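Asks: Please see the structure below; I have some questions.
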Amino acid sequence: MRISSAQIHRQATEQLQQLGAQAAQTQQQIASGKRLVAPGDDPVGAARLISINQELSERAQYLVNTDNADVQLGLTDTVLNEVVEVVQRVQELTLQAGSGVQSQDDRALIAVELEARLEELIGLANSANASGQYLFSGFDGETPPFEQRDGVIEFTGDNGRRLSQIDRGQFVATNVSGQDVFVDLPSQFTNVLVQDESADSSALRELTIVDQDALDGFFPEKLVIQFNDPAEAGGQTNYTVRRGSDLRVVEGLENVVFSGPSPIVASGISFRIDGSPQSGDSFTIASTKQQSLFDTVAEVTTGLKEIDPANNPEEFELLIERTIDGLNAASESLLGARADVGSRFNTLAAVSDLHEDIRLQLQEVRSGIEDLDFAEAVSNLAFESFLLEAAQQSFVRINQLSLFNRL
Amino acid sequence: MASLFDIGVSGLRAQQSALNIVGQNITNANTPGYTRQRVDIQTQIGGLSAGLGSGVTVGSVTRIADAFVDEQIRSDKARHAELASFTQNVQQLEASLFDSQFGIDSAMRDFFDAVQNSSNEPTDLAMREFVISAGEALATRFRGVTDRSWLQAQDIVGSLESSVVRVNELAQLVVQINERIAGLQDQSSTGALNLMIDQREGLLKELSGLVNINTVEQDDGQVNVFVGKGQPLVLGADVALMEVTGDGDIALRPVGTDSFQIVTSALSGGEIGGVIRYREEVLWPTQNELGRLAAGIALAVNEQHQLGIDTQGEFGGDLFRDVNDPDLIGQRVDYLAGASGSGASNNVDIGRVNVYIDDPFKGAATDYEVYFDGAAEGSFTVKRRSDGETVFRGTSFVPPHEISFDGITVEFASGTFAPGDTFLVRPYADFGTRLEMVLSDPSSLALGSPIQINEAPNNSGGTQLISTGTTDATHPIFANLGQDSEGNFSPPILIRFVTDDEFVLLDNTDPSQPVPLEPDPGLQRYLANAENQMLPATPGSSIVQTSGPALSLLGTPTLVTDFMAGTNGYPSGLLSLDYSQSDYDEDLRSIALPANTTAQEIAQQLSNLPGVVASAKTSLSITDLVNFDSGTAVELAINGELISGFATLNDLADAISTNASLSEQGITAKSDGTTLSLESRYGDDLTLHFQGDPNESITVANNKGVSTMLNGNVSGVYRSITVGGELSVILDPGISLGAQYVGIFAANPEHERADLGMSIVMSGAARAGDEFRIGFNKDGTGDNRNALAMAAISDQSLIGIPARPFAEMFGSVIQQVGVQSSQSSINRDAAGVLLDQSEAFRESVSGVNLDEEAANLIEHEQAYNASAQVIAVARDIFDILLNSVS
């Protein structure tokens, strides 16, 4: 084929350029250590890289979450363990007090220690983590969940479960419900609690059980105390006590004239209405087969001081019986909660191992996609530079060939 | 003799010319576009006697070229230049998209990680700050990448402008040369002609590098040049000039005329073609994809955020800028100049169009053309650019008018829409540059859920709460939240199990006396150990309650001697349900009701229809026991169950409650001492038979307060009355209960909103009497439920079909651009090889080979010398002749 002189030059220079560019690209890859510099180098790999990075970061976040859950639950477990010890001590004290060999003074001393233990229990139940979140308050963030008011320990938190995501679609609760562990403890005895208070200027106080049998018969009903229009009792403040399910009047307590702080007794329950109740005020007292740990301890503390077994052996016996029952229920629920926390620890450990394993695998896959095979690249570079040199030399040689040199 | 001299001289002349041409070739060996020439040397015919030649003559100087090669080079050049500029632009774009450390994908990960971290410590303000700063970083990253793509779009217009300037210059030069070639045509000065053709060939080649052209040579040697689909650029001496319009389109305007034609989509090849193709195939789609991704994230995060509550107990607002911000909706439309090129100049009041994004992943990320065709008055079509499909055909309308398709809504807001008007709708193009974090106060970050559920202390079942969630923060039930810390739902709700597998929803505003919800969804079924949706939760579903005149009817008591059930007095009729607005594949369903059908039967028939759940209940009250102390035993039969020997309503209620047959039928009674409420919770008719002394009586009232007195007659004769029930019908969205039947249903019955703006799912076994209170999550600053729900957006497969998470979505954008980049660079290299081959071929035909020319030089030199010898010989012959004569 005919070939023009200009073409010989052009082809040669183009080839030199191409070889040079190839060597430069290989050099760049070696310098950066990456095979994949732009998506165009490997479009599928680039997209895969984004998915892999996403999953790596997701797993990293799940690991952060499991670590966080681990810390929270560890803290909770420690506190529960301490609570168990206090409850055991209260059990010992109660048995000691109920043994019948103690004098009234001894019991008073025991009551003093019980008071301290109760304080300790409340303190433990109000534990918070480093950022100030109470451990047993549920979703409530700002206020201590257990508040002592007028000798009654009220639970102001809720039963919210704070979850932490530890895997796709998998969550673990990082808290233990204070309501389940301390408050809603099953009891063989019927107890009472104020379920609703809708009153502005009055409050229900000193809710006590005066007749356990009557109350047992009343369970699971509620008592509703409603203050009526004064016109219904000759212009005097009056109330009606009804039972919750059908609002039937209980024990004839209809339009009873309100007589200030003297206790109202119905269905084995005694309580007082403080303040100045208005027409429309209502209170609901629920009967339940549950008792809070704090109520149990508070009750025995007061009981030991007030009830003398010499005068009231039956009442004293019932007190000890109820207390032991309540403490047993508390121990059981605490053990259950700790077992529950323990099983969550296991889940966390298993899940975080899984995340670590998968992260390692993913990192390998990612490296396979984007990282350079240095041995291959270096040998390529050597070959490419060899080609370049050869081309340069042959170009010079060919250029020397010209008929004009022979003229 | 003279002839031999002449022959020799002719040889000298011819070889000199040949040597000149060789010299020309040698000196132009490196001149671009030069075509080698050759002298055609011919034998000169003629002379004194035939048979003897008269030497040699120079025929012509031939340009050694192949017209097909030139054309091939032009088309290869156009293709190569197109791919080169395309590739260059794509590589620029991919570099800005793909950044393993500072890409959009890493910003998305950081944002959702920050949300996860905030879920671990919802009370920690610093964690909330991180969410906001990560959201700002995400928005900034989106803006950065899409801004760069918009800058590129501007650069493209700039490069089109400079290309167009060069095209115009070249076209004008071609015209000039055309004119001169036409002038030289009849002269024999072929050398000049050849050089001019070379020059023109060079111009055309350069032109091909800018845009693909077609050429046709006229007889007079002039060349006509066409671009695109046969649009003339050069016609002999006439030229058309290109210009770039304000929209970045290219118009072609013949010089000396006013009319122009938009040729953007017709142009191909060359730098211009490459840039245009890049813009349409890569840049715009990528902008759309990025904008859609940004809109998708903003929409999903905002929607979820608005369902949660912040530290003040108020519902969250927008986290990112609202995708349908009033400032944005009007900017998603371009008024395209009509095909005639007349533009908007005549139309003083161009229609204003707003575009709303409803569901970004329902359709493709593409643009739409709205064209008012004028076929019928006001009619228009909407064409999807990605596949050219017509997605909507509309008819005449009066603004404002809305149409929806592919997950977007186009509103023709105001102005005039005239035939020929064309609008380009670009729903997603700019949202990437508009994404902004609008929330700045960390305490306003809504990480909690407003819903709290409390179990009653005396529950005995073992239920578990599976999930709670807000579905509509604007529901009136949430109206009083957050205004003060005592805010609660209006109303708070009580779930009360009446049996182990049936429950009712009550309004718990007064906890001592919960009353049925208004509207009352009726008795609900519960499946133990399955996941039960506890509330009517489907958005858009409605409740119809019976409120017709028949409910107030209470018949006159009759005297009978047996316990046969009476009739409820409900009229016959046809109950019809309209499905035409629903998703069900039904149109109309009817139920023929005979007279006196019980509410229970109506409920069963309704519940058999698709999308309908009906429940019924019957209630009546008994008051005023008169003269019950008269000594004679009274008897009351309820649906045939005889109860005797009661003196008070409380006794009667207790007797009914302990009657096994009645409780099996679902009939219960409650008495507070003055009123006994009797209820059949399944809506069976309640028939009472009363026997006593004539002065003994009870008063029976139905649920509407209509009452009658039943008094005794003689022994063995009963005074009897029957009361019918009421219904509550829950209809799936779009289903409506017709107005034809007027009986227990009113004419045009009111369809009340059924859902309560939230969803609650429970499982496990419940026990009769169990109660759950649903109220506001007061002081719930430690609640992270909404944070978890927001974090889940990143890995929830909520995008498009097939469903993909955001990161993969972004990955596929990268992949598309990467594929374009790698393909185009391969194609560019291939086109480069083809161009090289064509050029090599041209060189092999037209290029100068110096060795060849050196040989020619020797050849012609020798021939020259030989010709000189011929003259010498002729002189010798002449001398010999002279000498011999003398």
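Note on naming: chains are A, B, ... as they come in the structure tokens, residues start from 1 per chain, ligands start from 1 in the order shown.
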List every residue of region 409-641 of chain B that DSSP, applied to the backbone of this structure, assigns to strand (DSSP E), and report them as a ChimeraX atom specification.

Replies: /B:409-414,422-425,451-455,462-470,493-499,502-507,515-516,524-525,532-533,542-545,558-560,573-578,588-593,612-626,635-638,641

Asks: Do a neighbour search on Asn194 (chain B) at 12 Å with only C-alpha atoms, toss out local chain neighbours closer than 4 positions, and write the hits as JSON, numbers by chain.

Replies: {"B": [33, 34, 35, 36, 37, 38, 60, 61, 62, 63, 64, 65, 177, 180, 181, 184, 185, 188, 189, 190, 198, 199, 200, 201, 221]}

Asks: Any chance you could export the current selection's C-alpha atoms as a PDB file, in the first residue's frame?

Replies:
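Full text of result11.pdb as output:
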```pdb
ATOM      1  CA  GLY B  33      -5.344  19.109   3.480  1.00  0.00           C
ATOM      2  CA  TYR B  34      -2.918  19.201   0.565  1.00  0.00           C
ATOM      3  CA  THR B  35      -3.763  16.801  -2.226  1.00  0.00           C
ATOM      4  CA  ARG B  36      -0.855  15.569  -4.290  1.00  0.00           C
ATOM      5  CA  GLN B  37      -0.944  16.427  -7.958  1.00  0.00           C
ATOM      6  CA  ARG B  38       0.318  14.693 -11.015  1.00  0.00           C
ATOM      7  CA  SER B  60      -3.556  18.485 -17.309  1.00  0.00           C
ATOM      8  CA  VAL B  61      -2.548  18.624 -13.699  1.00  0.00           C
ATOM      9  CA  THR B  62      -4.660  16.092 -11.886  1.00  0.00           C
ATOM     10  CA  ARG B  63      -5.593  16.310  -8.210  1.00  0.00           C
ATOM     11  CA  ILE B  64      -5.312  12.766  -6.982  1.00  0.00           C
ATOM     12  CA  ALA B  65      -8.275  12.477  -4.706  1.00  0.00           C
ATOM     13  CA  ILE B 177     -14.925  29.777  -2.304  1.00  0.00           C
ATOM     14  CA  ARG B 180     -14.667  31.720  -6.981  1.00  0.00           C
ATOM     15  CA  ILE B 181     -14.756  28.118  -8.074  1.00  0.00           C
ATOM     16  CA  LEU B 184     -12.791  29.576 -12.557  1.00  0.00           C
ATOM     17  CA  GLN B 185     -14.787  26.703 -13.943  1.00  0.00           C
ATOM     18  CA  SER B 188      -8.151  26.022 -17.926  1.00  0.00           C
ATOM     19  CA  SER B 189      -6.205  27.141 -14.900  1.00  0.00           C
ATOM     20  CA  THR B 190      -6.590  23.884 -13.143  1.00  0.00           C
ATOM     21  CA  ASP B 198      -8.403  21.628  -1.258  1.00  0.00           C
ATOM     22  CA  GLN B 199      -9.159  24.718   0.765  1.00  0.00           C
ATOM     23  CA  ARG B 200     -12.918  24.134   0.641  1.00  0.00           C
ATOM     24  CA  GLU B 201     -12.408  20.517   1.576  1.00  0.00           C
ATOM     25  CA  GLY B 221     -18.422  22.975  -8.967  1.00  0.00           C
TER      26      GLY B 221
END
```

Asks: Would you pick out the contacts of Phe646 (chain B) at 8 Å or less, using only C-alpha atoms, so that residues sharing its chain but fewer than 5 positions from it are not included, and give the list as a compact mmCIF listing (two decimals) with C-alpha atoms, in the first residue's frame?

Replies:
```txt
# COMPACT_ATOMS: atom_id res chain seq x y z
CA ALA B 633 -95.54 -11.76 91.45
CA VAL B 634 -94.63 -9.93 88.27
CA ASP B 651 -82.72 -7.41 91.03
CA LEU B 652 -83.89 -7.58 87.44
```

Asks: What is the CA of Asp219 (chain B) to CA of Asn178 (chain B) distance in Å?

Replies: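 Result for CA of Asp219 (chain B) versus CA of Asn178 (chain B): 11.7 Å, one decimal.
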
Asks: Could you give me, as a ChimeraX atom specification, the residues within 10 Å of Ser680 (chain B), counting only C-alpha atoms and dropping anything in the same chain fewer than 3 positions from it?

Replies: /B:600,616-620,662-663,665-669,683-686,724-725

Asks: Please report as a PyMOL selection string which residues of chain A come no farther than 6 Å from chain B, using only C-alpha atoms.

Replies: chain A and resi 2-6+39-40+43-44+47+50-51+139-141+246-248+288+403

Asks: Mind pulling up the distance from CA of Leu293 (chain A) to CA of Ala330 (chain A)?

Replies: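 Spanning CA of Ala330 (chain A) to CA of Leu293 (chain A) is a straight-line distance of 6.2 Å.
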